[in-house]
$ cat model.cif   # mmCIF, C-alpha atoms
data_target
#
loop_
_atom_site.group_PDB
_atom_site.id
_atom_site.type_symbol
_atom_site.label_atom_id
_atom_site.label_comp_id
_atom_site.auth_asym_id
_atom_site.auth_seq_id
_atom_site.Cartn_x
_atom_site.Cartn_y
_atom_site.Cartn_z
ATOM 1 C CA MET A 1 0.361 0.157 0.934
ATOM 2 C CA ALA A 2 0.896 1.885 -2.336
ATOM 3 C CA GLN A 3 2.228 5.103 -3.608
ATOM 4 C CA GLY A 4 -0.059 7.996 -4.473
ATOM 5 C CA LYS A 5 -0.884 11.590 -3.720
ATOM 6 C CA PRO A 6 -4.291 11.760 -2.068
ATOM 7 C CA GLY A 7 -5.932 15.120 -1.687
ATOM 8 C CA ASP A 8 -6.102 17.169 1.468
ATOM 9 C CA ASP A 9 -9.554 15.865 2.393
ATOM 10 C CA PRO A 10 -8.998 12.851 4.711
ATOM 11 C CA ALA A 11 -12.382 11.282 3.870
ATOM 12 C CA PRO A 12 -11.541 10.421 0.222
ATOM 13 C CA THR A 13 -8.052 9.466 1.391
ATOM 14 C CA ARG A 14 -9.463 6.925 3.839
ATOM 15 C CA ALA A 15 -11.683 5.482 1.112
ATOM 16 C CA ARG A 16 -8.917 5.254 -1.520
ATOM 17 C CA ARG A 17 -6.367 3.630 0.752
ATOM 18 C CA HIS A 18 -8.639 0.588 0.958
ATOM 19 C CA ILE A 19 -8.642 0.169 -2.834
ATOM 20 C CA PHE A 20 -5.594 -2.130 -2.689
ATOM 21 C CA GLY A 21 -7.513 -4.667 -0.609
ATOM 22 C CA ASP A 22 -9.800 -5.330 -3.585
ATOM 23 C CA ASP A 23 -7.112 -7.750 -4.785
ATOM 24 C CA ALA A 24 -4.586 -8.022 -1.984
ATOM 25 C CA GLU A 25 -2.903 -11.132 -3.385
ATOM 26 C CA GLN A 26 -2.349 -9.430 -6.747
ATOM 27 C CA TYR A 27 -0.855 -6.407 -4.994
ATOM 28 C CA ASP A 28 1.477 -8.627 -2.989
ATOM 29 C CA THR A 29 2.661 -10.463 -6.100
ATOM 30 C CA ALA A 30 3.139 -7.336 -8.219
ATOM 31 C CA ARG A 31 4.972 -5.018 -5.861
ATOM 32 C CA PRO A 32 8.740 -5.200 -5.336
ATOM 33 C CA GLY A 33 10.178 -5.187 -1.859
ATOM 34 C CA TYR A 34 12.858 -2.892 -0.436
ATOM 35 C CA PRO A 35 16.675 -2.998 -0.600
ATOM 36 C CA ARG A 36 18.384 -4.984 2.109
ATOM 37 C CA GLN A 37 20.765 -2.073 2.640
ATOM 38 C CA LEU A 38 17.814 0.172 3.489
ATOM 39 C CA ILE A 39 16.612 -2.261 6.172
ATOM 40 C CA GLU A 40 20.117 -2.396 7.658
ATOM 41 C CA ASP A 41 20.472 1.390 7.552
ATOM 42 C CA VAL A 42 17.150 1.889 9.357
ATOM 43 C CA LEU A 43 18.079 -0.600 12.067
ATOM 44 C CA ASP A 44 21.508 0.997 12.496
ATOM 45 C CA PHE A 45 19.915 4.438 12.801
ATOM 46 C CA ALA A 46 17.311 3.206 15.311
ATOM 47 C CA ALA A 47 19.827 1.231 17.415
ATOM 48 C CA LEU A 48 17.053 -0.723 19.126
ATOM 49 C CA GLY A 49 17.767 -2.423 22.415
ATOM 50 C CA ALA A 50 17.570 -6.192 22.755
ATOM 51 C CA GLY A 51 13.960 -7.283 22.268
ATOM 52 C CA GLU A 52 12.759 -3.720 21.696
ATOM 53 C CA PRO A 53 9.904 -3.780 19.169
ATOM 54 C CA ALA A 54 9.320 -1.670 16.088
ATOM 55 C CA LEU A 55 5.973 -0.256 14.996
ATOM 56 C CA GLU A 56 4.836 -0.349 11.354
ATOM 57 C CA ALA A 57 2.150 2.065 10.137
ATOM 58 C CA GLY A 58 0.272 0.754 7.099
ATOM 59 C CA ALA A 59 1.862 -2.698 6.898
ATOM 60 C CA GLY A 60 -0.084 -3.773 3.816
ATOM 61 C CA THR A 61 0.762 -7.346 2.834
ATOM 62 C CA GLY A 62 4.154 -7.293 4.551
ATOM 63 C CA LYS A 63 6.610 -6.157 1.886
ATOM 64 C CA ALA A 64 8.595 -4.343 4.596
ATOM 65 C CA THR A 65 7.369 -6.369 7.573
ATOM 66 C CA LEU A 66 9.117 -9.566 6.539
ATOM 67 C CA PRO A 67 12.685 -8.231 6.236
ATOM 68 C CA PHE A 68 12.434 -6.313 9.510
ATOM 69 C CA ALA A 69 10.980 -9.291 11.374
ATOM 70 C CA ARG A 70 13.549 -11.658 9.856
ATOM 71 C CA SER A 71 16.225 -9.370 11.261
ATOM 72 C CA GLY A 72 15.100 -10.616 14.657
ATOM 73 C CA ILE A 73 13.098 -7.665 15.984
ATOM 74 C CA PRO A 74 9.499 -7.866 17.200
ATOM 75 C CA VAL A 75 7.167 -5.867 14.935
ATOM 76 C CA THR A 76 3.732 -4.458 15.769
ATOM 77 C CA CYS A 77 1.828 -3.968 12.495
ATOM 78 C CA ILE A 78 -1.074 -1.546 12.085
ATOM 79 C CA GLU A 79 -3.021 -2.067 8.841
ATOM 80 C CA PRO A 80 -6.410 -0.450 8.114
ATOM 81 C CA ASP A 81 -7.628 -2.972 5.520
ATOM 82 C CA ALA A 82 -8.686 -6.399 6.801
ATOM 83 C CA ARG A 83 -8.093 -8.027 3.406
ATOM 84 C CA MET A 84 -4.511 -6.772 3.242
ATOM 85 C CA ALA A 85 -4.009 -7.816 6.869
ATOM 86 C CA GLN A 86 -5.187 -11.337 6.053
ATOM 87 C CA VAL A 87 -2.459 -11.708 3.413
ATOM 88 C CA LEU A 88 0.007 -10.177 5.867
ATOM 89 C CA GLY A 89 -0.983 -12.792 8.436
ATOM 90 C CA HIS A 90 -0.312 -15.604 5.969
ATOM 91 C CA ARG A 91 3.082 -14.146 5.046
ATOM 92 C CA CYS A 92 4.075 -13.839 8.707
ATOM 93 C CA ALA A 93 2.628 -17.156 9.900
ATOM 94 C CA GLN A 94 6.088 -18.477 10.789
ATOM 95 C CA LEU A 95 7.154 -15.256 12.519
ATOM 96 C CA PRO A 96 5.634 -15.233 16.027
ATOM 97 C CA GLN A 97 7.341 -11.922 16.831
ATOM 98 C CA VAL A 98 4.916 -10.170 14.440
ATOM 99 C CA THR A 99 1.585 -8.926 15.836
ATOM 100 C CA ILE A 100 -1.101 -7.486 13.580
ATOM 101 C CA THR A 101 -3.877 -5.054 14.441
ATOM 102 C CA VAL A 102 -6.515 -4.071 11.897
ATOM 103 C CA ALA A 103 -7.048 -0.369 12.573
ATOM 104 C CA ASP A 104 -6.508 3.100 11.174
ATOM 105 C CA PHE A 105 -3.236 4.500 12.461
ATOM 106 C CA GLU A 106 -5.107 7.731 13.252
ATOM 107 C CA SER A 107 -7.443 6.011 15.727
ATOM 108 C CA TRP A 108 -5.135 3.299 17.083
ATOM 109 C CA ARG A 109 -3.682 3.963 20.536
ATOM 110 C CA PRO A 110 -0.361 2.445 21.623
ATOM 111 C CA THR A 111 -0.037 0.896 25.075
ATOM 112 C CA ARG A 112 3.752 1.313 25.161
ATOM 113 C CA HIS A 113 6.511 3.325 23.528
ATOM 114 C CA TYR A 114 8.524 2.107 20.543
ATOM 115 C CA GLY A 115 12.116 2.767 19.580
ATOM 116 C CA LEU A 116 11.311 2.723 15.866
ATOM 117 C CA LEU A 117 8.275 3.640 13.799
ATOM 118 C CA TYR A 118 8.522 2.899 10.095
ATOM 119 C CA SER A 119 6.093 3.195 7.212
ATOM 120 C CA ALA A 120 6.694 1.715 3.770
ATOM 121 C CA GLN A 121 4.762 3.217 0.869
ATOM 122 C CA ALA A 122 1.991 4.271 3.252
ATOM 123 C CA TRP A 123 2.676 7.451 5.229
ATOM 124 C CA HIS A 124 0.962 9.663 2.637
ATOM 125 C CA TRP A 125 -2.293 7.760 3.250
ATOM 126 C CA VAL A 126 -2.361 8.777 6.953
ATOM 127 C CA ASP A 127 -4.285 11.965 7.727
ATOM 128 C CA PRO A 128 -1.640 14.743 7.683
ATOM 129 C CA ALA A 129 -3.440 16.583 10.483
ATOM 130 C CA LEU A 130 -2.914 13.624 12.830
ATOM 131 C CA ARG A 131 0.015 11.512 11.681
ATOM 132 C CA TRP A 132 2.896 13.382 13.300
ATOM 133 C CA GLY A 133 1.158 13.642 16.656
ATOM 134 C CA ARG A 134 0.363 9.926 16.533
ATOM 135 C CA ALA A 135 4.005 9.215 15.720
ATOM 136 C CA ARG A 136 5.241 11.284 18.662
ATOM 137 C CA ALA A 137 2.782 9.523 20.996
ATOM 138 C CA ALA A 138 4.035 6.099 19.893
ATOM 139 C CA LEU A 139 7.783 6.779 20.027
ATOM 140 C CA SER A 140 10.134 6.814 22.972
ATOM 141 C CA PRO A 141 12.122 10.039 23.474
ATOM 142 C CA GLY A 142 14.854 9.851 20.859
ATOM 143 C CA GLY A 143 13.024 7.067 19.017
ATOM 144 C CA ALA A 144 13.549 6.807 15.255
ATOM 145 C CA ILE A 145 11.066 7.326 12.442
ATOM 146 C CA ALA A 146 11.737 5.887 8.972
ATOM 147 C CA LEU A 147 9.488 6.683 5.997
ATOM 148 C CA PHE A 148 10.226 5.173 2.608
ATOM 149 C CA TRP A 149 8.758 4.851 -0.871
ATOM 150 C CA ASN A 150 9.607 3.060 -4.108
ATOM 151 C CA HIS A 151 9.575 5.074 -7.342
ATOM 152 C CA TRP A 152 9.473 3.135 -10.627
ATOM 153 C CA PHE A 153 10.915 4.039 -14.038
ATOM 154 C CA LEU A 154 11.033 2.206 -17.364
ATOM 155 C CA GLN A 155 14.657 1.989 -18.471
ATOM 156 C CA SER A 156 13.709 1.806 -22.152
ATOM 157 C CA GLY A 157 12.906 5.288 -23.427
ATOM 158 C CA GLU A 158 11.434 3.830 -26.617
ATOM 159 C CA LEU A 159 9.010 1.632 -24.684
ATOM 160 C CA ALA A 160 8.081 4.498 -22.357
ATOM 161 C CA ASP A 161 7.341 6.713 -25.372
ATOM 162 C CA ARG A 162 5.124 4.071 -26.985
ATOM 163 C CA LEU A 163 3.157 3.459 -23.790
ATOM 164 C CA THR A 164 2.765 7.185 -23.174
ATOM 165 C CA ALA A 165 1.444 7.614 -26.721
ATOM 166 C CA ALA A 166 -1.014 4.757 -26.143
ATOM 167 C CA HIS A 167 -2.473 6.557 -23.124
ATOM 168 C CA ALA A 168 -2.892 9.726 -25.188
ATOM 169 C CA ARG A 169 -4.441 7.819 -28.086
ATOM 170 C CA LEU A 170 -7.003 6.190 -25.779
ATOM 171 C CA GLY A 171 -7.719 9.410 -23.887
ATOM 172 C CA ILE A 172 -6.499 8.001 -20.564
ATOM 173 C CA ALA A 173 -4.361 10.294 -18.418
ATOM 174 C CA ILE A 174 -1.237 8.783 -16.891
ATOM 175 C CA PRO A 175 -1.854 8.630 -13.125
ATOM 176 C CA ALA A 176 0.615 10.557 -10.970
ATOM 177 C CA ASP A 177 3.544 8.735 -9.359
ATOM 178 C CA THR A 178 3.245 5.691 -11.604
ATOM 179 C CA LEU A 179 5.662 4.004 -13.974
ATOM 180 C CA LEU A 180 5.142 6.466 -16.850
ATOM 181 C CA ASP A 181 4.736 9.680 -14.872
ATOM 182 C CA PRO A 182 7.243 12.092 -16.495
ATOM 183 C CA GLY A 183 7.622 14.160 -13.329
ATOM 184 C CA PRO A 184 10.740 13.820 -11.157
ATOM 185 C CA ARG A 185 10.407 11.227 -8.402
ATOM 186 C CA PRO A 186 11.097 11.984 -5.645
ATOM 187 C CA ALA A 187 10.052 15.524 -6.531
ATOM 188 C CA ARG A 188 12.482 17.116 -4.066
ATOM 189 C CA ARG A 189 15.475 15.874 -2.121
ATOM 190 C CA GLY A 190 17.016 16.564 1.250
ATOM 191 C CA PRO A 191 15.857 19.729 3.050
ATOM 192 C CA GLN A 192 13.759 20.738 0.017
ATOM 193 C CA ALA A 193 11.600 17.611 0.296
ATOM 194 C CA ARG A 194 8.138 17.948 1.824
ATOM 195 C CA GLN A 195 8.709 14.923 4.068
ATOM 196 C CA TRP A 196 11.875 16.502 5.507
ATOM 197 C CA ARG A 197 10.149 19.844 6.076
ATOM 198 C CA ASP A 198 7.060 18.234 7.638
ATOM 199 C CA MET A 199 9.198 16.092 9.913
ATOM 200 C CA THR A 200 11.269 18.964 11.272
ATOM 201 C CA ALA A 201 8.241 21.270 11.540
ATOM 202 C CA ASN A 202 6.614 18.680 13.781
ATOM 203 C CA GLY A 203 9.451 18.422 16.263
ATOM 204 C CA PHE A 204 11.577 15.611 14.795
ATOM 205 C CA VAL A 205 15.336 16.071 14.749
ATOM 206 C CA ASP A 206 18.418 14.599 13.015
ATOM 207 C CA PRO A 207 16.701 14.410 9.594
ATOM 208 C CA ASP A 208 18.347 12.449 6.807
ATOM 209 C CA HIS A 209 17.380 11.493 3.246
ATOM 210 C CA ARG A 210 18.910 8.489 1.498
ATOM 211 C CA LEU A 211 18.350 6.981 -1.954
ATOM 212 C CA TYR A 212 18.788 3.390 -3.153
ATOM 213 C CA THR A 213 18.705 2.129 -6.743
ATOM 214 C CA SER A 214 17.854 -1.347 -8.000
ATOM 215 C CA VAL A 215 16.746 -2.845 -11.326
ATOM 216 C CA HIS A 216 14.038 -5.482 -11.780
ATOM 217 C CA GLU A 217 13.311 -7.122 -15.116
ATOM 218 C CA ARG A 218 9.589 -7.607 -15.688
ATOM 219 C CA SER A 219 7.811 -9.892 -18.130
ATOM 220 C CA THR A 220 4.680 -8.592 -19.845
ATOM 221 C CA PRO A 221 2.324 -10.122 -17.215
ATOM 222 C CA GLU A 222 4.533 -8.840 -14.409
ATOM 223 C CA LEU A 223 4.571 -5.307 -15.812
ATOM 224 C CA ILE A 224 0.784 -5.377 -16.238
ATOM 225 C CA GLY A 225 0.506 -6.564 -12.641
ATOM 226 C CA LEU A 226 2.596 -3.625 -11.461
ATOM 227 C CA LEU A 227 0.421 -1.128 -13.343
ATOM 228 C CA ALA A 228 -2.742 -2.781 -12.048
ATOM 229 C CA SER A 229 -1.475 -2.433 -8.469
ATOM 230 C CA TYR A 230 -1.296 1.381 -8.624
ATOM 231 C CA ALA A 231 -4.144 3.298 -6.988
ATOM 232 C CA GLY A 232 -4.389 5.596 -10.010
ATOM 233 C CA TYR A 233 -5.063 2.694 -12.383
ATOM 234 C CA ARG A 234 -7.298 0.858 -9.934
ATOM 235 C CA ALA A 235 -9.445 3.994 -9.659
ATOM 236 C CA LEU A 236 -10.102 4.087 -13.425
ATOM 237 C CA PRO A 237 -13.488 2.884 -14.737
ATOM 238 C CA PRO A 238 -13.122 -0.893 -15.319
ATOM 239 C CA GLU A 239 -13.509 -0.629 -19.105
ATOM 240 C CA SER A 240 -10.866 2.099 -19.388
ATOM 241 C CA ARG A 241 -8.496 0.226 -17.085
ATOM 242 C CA GLN A 242 -8.820 -2.994 -19.072
ATOM 243 C CA LEU A 243 -8.397 -1.122 -22.337
ATOM 244 C CA ILE A 244 -5.101 0.481 -21.370
ATOM 245 C CA LEU A 245 -3.768 -2.685 -19.713
ATOM 246 C CA ASP A 246 -4.539 -4.734 -22.837
ATOM 247 C CA GLU A 247 -2.874 -2.148 -25.068
ATOM 248 C CA THR A 248 0.136 -2.020 -22.768
ATOM 249 C CA ALA A 249 0.456 -5.813 -22.904
ATOM 250 C CA ARG A 250 0.351 -5.744 -26.716
ATOM 251 C CA ILE A 251 3.076 -3.098 -26.925
ATOM 252 C CA VAL A 252 5.350 -4.802 -24.377
ATOM 253 C CA ASP A 253 4.956 -8.124 -26.211
ATOM 254 C CA GLU A 254 6.024 -6.385 -29.431
ATOM 255 C CA HIS A 255 9.011 -5.015 -27.540
ATOM 256 C CA GLY A 256 10.173 -8.547 -26.718
ATOM 257 C CA GLY A 257 8.001 -9.326 -23.733
ATOM 258 C CA ARG A 258 10.524 -8.003 -21.192
ATOM 259 C CA ALA A 259 10.965 -4.586 -19.596
ATOM 260 C CA PRO A 260 13.748 -3.571 -17.179
ATOM 261 C CA VAL A 261 12.295 -1.389 -14.429
ATOM 262 C CA LYS A 262 14.547 0.842 -12.344
ATOM 263 C CA VAL A 263 13.406 1.307 -8.760
ATOM 264 C CA LEU A 264 14.597 4.351 -6.836
ATOM 265 C CA THR A 265 13.814 3.934 -3.148
ATOM 266 C CA SER A 266 13.632 7.124 -1.098
ATOM 267 C CA LEU A 267 14.160 6.916 2.688
ATOM 268 C CA PHE A 268 13.569 9.726 5.183
ATOM 269 C CA LEU A 269 14.910 9.319 8.708
ATOM 270 C CA GLY A 270 14.425 11.358 11.867
ATOM 271 C CA ARG A 271 14.149 11.120 15.641
ATOM 272 C CA ALA A 272 11.617 12.145 18.227
ATOM 273 C CA ALA A 273 13.095 14.895 20.370
ATOM 274 C CA ALA A 274 15.046 13.471 23.308
ATOM 275 C CA ASP A 275 13.172 15.777 25.709
ATOM 276 C CA ALA A 276 9.759 14.457 24.599
ATOM 277 C CA ASP A 277 7.285 13.588 27.376
ATOM 278 C CA PRO A 278 8.425 10.158 28.688
ATOM 279 C CA SER A 279 5.319 9.549 30.832
ATOM 280 C CA GLY A 280 3.739 7.133 28.380
ATOM 281 C CA PRO A 281 1.369 6.973 25.438
ATOM 282 C CA LYS A 282 -1.633 9.254 25.704
ATOM 283 C CA PRO A 283 -5.155 7.788 25.699
#

$ encode --input "model.cif" --output "structure tokens"
Amino acid sequence: MAQGKPGDDPAPTRARRHIFGDDAEQYDTARPGYPRQLIEDVLDFAALGAGEPALEAGAGTGKATLPFARSGIPVTCIEPDARMAQVLGHRCAQLPQVTITVADFESWRPTRHYGLLYSAQAWHWVDPALRWGRARAALSPGGAIALFWNHWFLQSGELADRLTAAHARLGIAIPADTLLDPGPRPARRGPQARQWRDMTANGFVDPDHRLYTSVHERSTPELIGLLASYAGYRALPPESRQLILDETARIVDEHGGRAPVKVLTSLFLGRAAADADPSGPKP
């Protein structure tokens, strides 16, 4: 799933998190994956036993599913949008250790415990009133939780300034948490981060926050695809969205048709308390 900051009302949140399925193939093509080092760090932290499966909340089209499954672990994927899950199924067709269930994580009920629950670019779409309880119900005592997001930045300040000015000229606000958002991303780090505070407030221990940096060069069409994959741009009226995407393409072409994009990946780790109820998942 994609990055965003839905409001506190879970009803609009549930509606907006399905917006990516409107063009699931485009989303899959446009979005970058996650650093290999992050995958290795999560698996080291979880220390899964042989054959012990991981659980993925909000698997989307499999940007995180594939590297975890290719590491040799079974993965149970929960994805609320059937269109995204269909692309996920195609991507994982040669990986029999991947199982996919189309369901909201809030309503899905596990039939076993897992040693690792991870969520890539999706945890913020799960109802905050339910997500931590659902995580505790799915995890074994001492089981690991890993939550991670990509944050994107244009490396060219000149190009960022021109694109920001284009939004202002066309009267289109820059959506939060997108490529041109001037706010710091992640907004807070370590114990000051909301994810850290929420995790520890809900009984998870051994919190950790790690950051990974990578750079991806994007052509004009690739940069437009990235913008078009954001929830904030997808939610714009079609005419406004097309207007700003066309203007962005014109400006990037004038800039040479290439744009280096820095990706800062933020990972939060924690564990279910070791004295959690081991009797089994609750109905």

$ closest_residue --input "model.cif" --among "A:Ala272, A:Leu116, A:Ala259, A:Ala193" --to "Ala57 of chain A" --atoms "all atoms listed in the file"
A:Leu116

$ atom_distance --input "model.cif" --atom1 "atom CA of Ala85 of chain A" --atom2 "atom CA of Gly60 of chain A"
6.4 Å

$ resolve_selection --input "model.cif" --expression "the PyMOL selection byres ((chain A and resi 154) around 12)" --output "PDB file with C-alpha atoms, keeping the file's coordinate frame"
ATOM      1  CA  HIS A 151       9.575   5.074  -7.342  1.00  0.00           C
ATOM      2  CA  TRP A 152       9.473   3.135 -10.627  1.00  0.00           C
ATOM      3  CA  PHE A 153      10.915   4.039 -14.038  1.00  0.00           C
ATOM      4  CA  GLN A 155      14.657   1.989 -18.471  1.00  0.00           C
ATOM      5  CA  SER A 156      13.709   1.806 -22.152  1.00  0.00           C
ATOM      6  CA  GLY A 157      12.906   5.288 -23.427  1.00  0.00           C
ATOM      7  CA  GLU A 158      11.434   3.830 -26.617  1.00  0.00           C
ATOM      8  CA  LEU A 159       9.010   1.632 -24.684  1.00  0.00           C
ATOM      9  CA  ALA A 160       8.081   4.498 -22.357  1.00  0.00           C
ATOM     10  CA  ASP A 161       7.341   6.713 -25.372  1.00  0.00           C
ATOM     11  CA  ARG A 162       5.124   4.071 -26.985  1.00  0.00           C
ATOM     12  CA  LEU A 163       3.157   3.459 -23.790  1.00  0.00           C
ATOM     13  CA  THR A 164       2.765   7.185 -23.174  1.00  0.00           C
ATOM     14  CA  THR A 178       3.245   5.691 -11.604  1.00  0.00           C
ATOM     15  CA  LEU A 179       5.662   4.004 -13.974  1.00  0.00           C
ATOM     16  CA  LEU A 180       5.142   6.466 -16.850  1.00  0.00           C
ATOM     17  CA  ASP A 181       4.736   9.680 -14.872  1.00  0.00           C
ATOM     18  CA  PRO A 182       7.243  12.092 -16.495  1.00  0.00           C
ATOM     19  CA  VAL A 215      16.746  -2.845 -11.326  1.00  0.00           C
ATOM     20  CA  HIS A 216      14.038  -5.482 -11.780  1.00  0.00           C
ATOM     21  CA  GLU A 217      13.311  -7.122 -15.116  1.00  0.00           C
ATOM     22  CA  ARG A 218       9.589  -7.607 -15.688  1.00  0.00           C
ATOM     23  CA  LEU A 223       4.571  -5.307 -15.812  1.00  0.00           C
ATOM     24  CA  LEU A 226       2.596  -3.625 -11.461  1.00  0.00           C
ATOM     25  CA  LEU A 227       0.421  -1.128 -13.343  1.00  0.00           C
ATOM     26  CA  VAL A 252       5.350  -4.802 -24.377  1.00  0.00           C
ATOM     27  CA  ARG A 258      10.524  -8.003 -21.192  1.00  0.00           C
ATOM     28  CA  ALA A 259      10.965  -4.586 -19.596  1.00  0.00           C
ATOM     29  CA  PRO A 260      13.748  -3.571 -17.179  1.00  0.00           C
ATOM     30  CA  VAL A 261      12.295  -1.389 -14.429  1.00  0.00           C
ATOM     31  CA  LYS A 262      14.547   0.842 -12.344  1.00  0.00           C
ATOM     32  CA  VAL A 263      13.406   1.307  -8.760  1.00  0.00           C
ATOM     33  CA  LEU A 264      14.597   4.351  -6.836  1.00  0.00           C
TER      34      LEU A 264
END

$ resolve_selection --input "model.cif" --expression "the PyMOL selection byres ((chain A and resi 76) around 10)" --output "PyMOL selection string"
chain A and resi 53-57+59+65+69+73-75+77-79+97-101+110+114+117

$ resolve_selection --input "model.cif" --expression "the PyMOL selection byres ((chain A and resi 36-46) around 7)" --output "PyMOL selection string"
chain A and resi 34-35+47-48+68+115-116+143-144+146

$ atom_distance --input "model.cif" --atom1 "atom CA of Tyr118 of chain A" --atom2 "atom CA of Phe148 of chain A"
8.0 Å

$ atom_distance --input "model.cif" --atom1 "atom CA of Pro191 of chain A" --atom2 "atom CA of Phe268 of chain A"
10.5 Å

$ residues_around --input "model.cif" --residues "His90 of chain A" --least-positions-apart "4" --cutoff "12 Å" --atoms "all atoms listed in the file" --output "PyMOL selection string"
chain A and resi 24-25+28+61-62+66+83-86+94-96+98+100

$ closest_residue --input "model.cif" --among "A:Gly51, A:Gly89, A:Pro67, A:Gly270" --to "Trp196 of chain A" --atoms "only C-alpha atoms"
A:Gly270

$ closest_residue --input "model.cif" --among "A:Ala137, A:Gly58, A:Gly190, A:Pro237" --to "Asp104 of chain A" --atoms "only C-alpha atoms"
A:Gly58

$ closest_residue --input "model.cif" --among "A:Ala120, A:Val205, A:Leu267, A:Ala249" --to "Gly33 of chain A" --atoms "only C-alpha atoms"
A:Ala120

$ closest_residue --input "model.cif" --among "A:Leu130, A:Leu236, A:Ala138, A:Ile224" --to "Ala173 of chain A" --atoms "all atoms listed in the file"
A:Leu236

$ closest_residue --input "model.cif" --among "A:Ala201, A:Val126, A:Leu211, A:Ala231" --to "Arg188 of chain A" --atoms "all atoms listed in the file"
A:Leu211

$ residues_around --input "model.cif" --residues "Ile244 of chain A" --least-positions-apart "3" --cutoff "12 Å" --atoms "only C-alpha atoms" --output "list in words"
Leu163, Thr164, Ala165, Ala166, His167, Ala168, Arg169, Leu170, Gly171, Ile172, Ala173, Ile174, Ile224, Leu227, Ala228, Tyr233, Arg234, Leu236, Pro237, Pro238, Glu239, Ser240, Arg241, Glu247, Thr248, Ala249, Arg250 and Ile251 of chain A

$ build_atoms --input "model.cif" --residues "segment 271-276 of chain A" --atoms "all heavy atoms" --output "short mmCIF file (atom, residue, chain, number, x, y, z; two decimals), in the frame of the given file"
data_model
loop_
_atom_site.label_atom_id
_atom_site.label_comp_id
_atom_site.auth_asym_id
_atom_site.auth_seq_id
_atom_site.Cartn_x
_atom_site.Cartn_y
_atom_site.Cartn_z
N ARG A 271 14.31 11.59 14.27
CA ARG A 271 14.15 11.12 15.64
C ARG A 271 13.16 12.00 16.39
O ARG A 271 13.12 13.22 16.17
CB ARG A 271 15.47 11.17 16.41
CG ARG A 271 16.57 10.31 15.86
CD ARG A 271 17.80 10.31 16.78
NE ARG A 271 18.95 9.76 16.11
CZ ARG A 271 19.17 8.45 15.95
NH1 ARG A 271 18.30 7.59 16.44
NH2 ARG A 271 20.25 8.02 15.32
N ALA A 272 12.41 11.37 17.29
CA ALA A 272 11.62 12.14 18.23
C ALA A 272 12.57 12.90 19.14
O ALA A 272 13.66 12.40 19.47
CB ALA A 272 10.71 11.23 19.04
N ALA A 273 12.22 14.10 19.51
CA ALA A 273 13.10 14.90 20.37
C ALA A 273 13.40 14.14 21.66
O ALA A 273 12.52 13.49 22.24
CB ALA A 273 12.46 16.24 20.67
N ALA A 274 14.63 14.21 22.11
CA ALA A 274 15.05 13.47 23.31
C ALA A 274 14.36 13.97 24.56
O ALA A 274 14.25 13.25 25.56
CB ALA A 274 16.56 13.56 23.48
N ASP A 275 13.85 15.23 24.54
CA ASP A 275 13.17 15.78 25.71
C ASP A 275 11.65 15.62 25.61
O ASP A 275 10.91 16.30 26.31
CB ASP A 275 13.54 17.24 25.91
CG ASP A 275 13.17 18.10 24.70
OD1 ASP A 275 12.71 17.54 23.67
OD2 ASP A 275 13.34 19.34 24.77
N ALA A 276 11.19 14.69 24.72
CA ALA A 276 9.76 14.46 24.60
C ALA A 276 9.22 13.87 25.90
O ALA A 276 9.97 13.28 26.70
CB ALA A 276 9.47 13.49 23.46
#
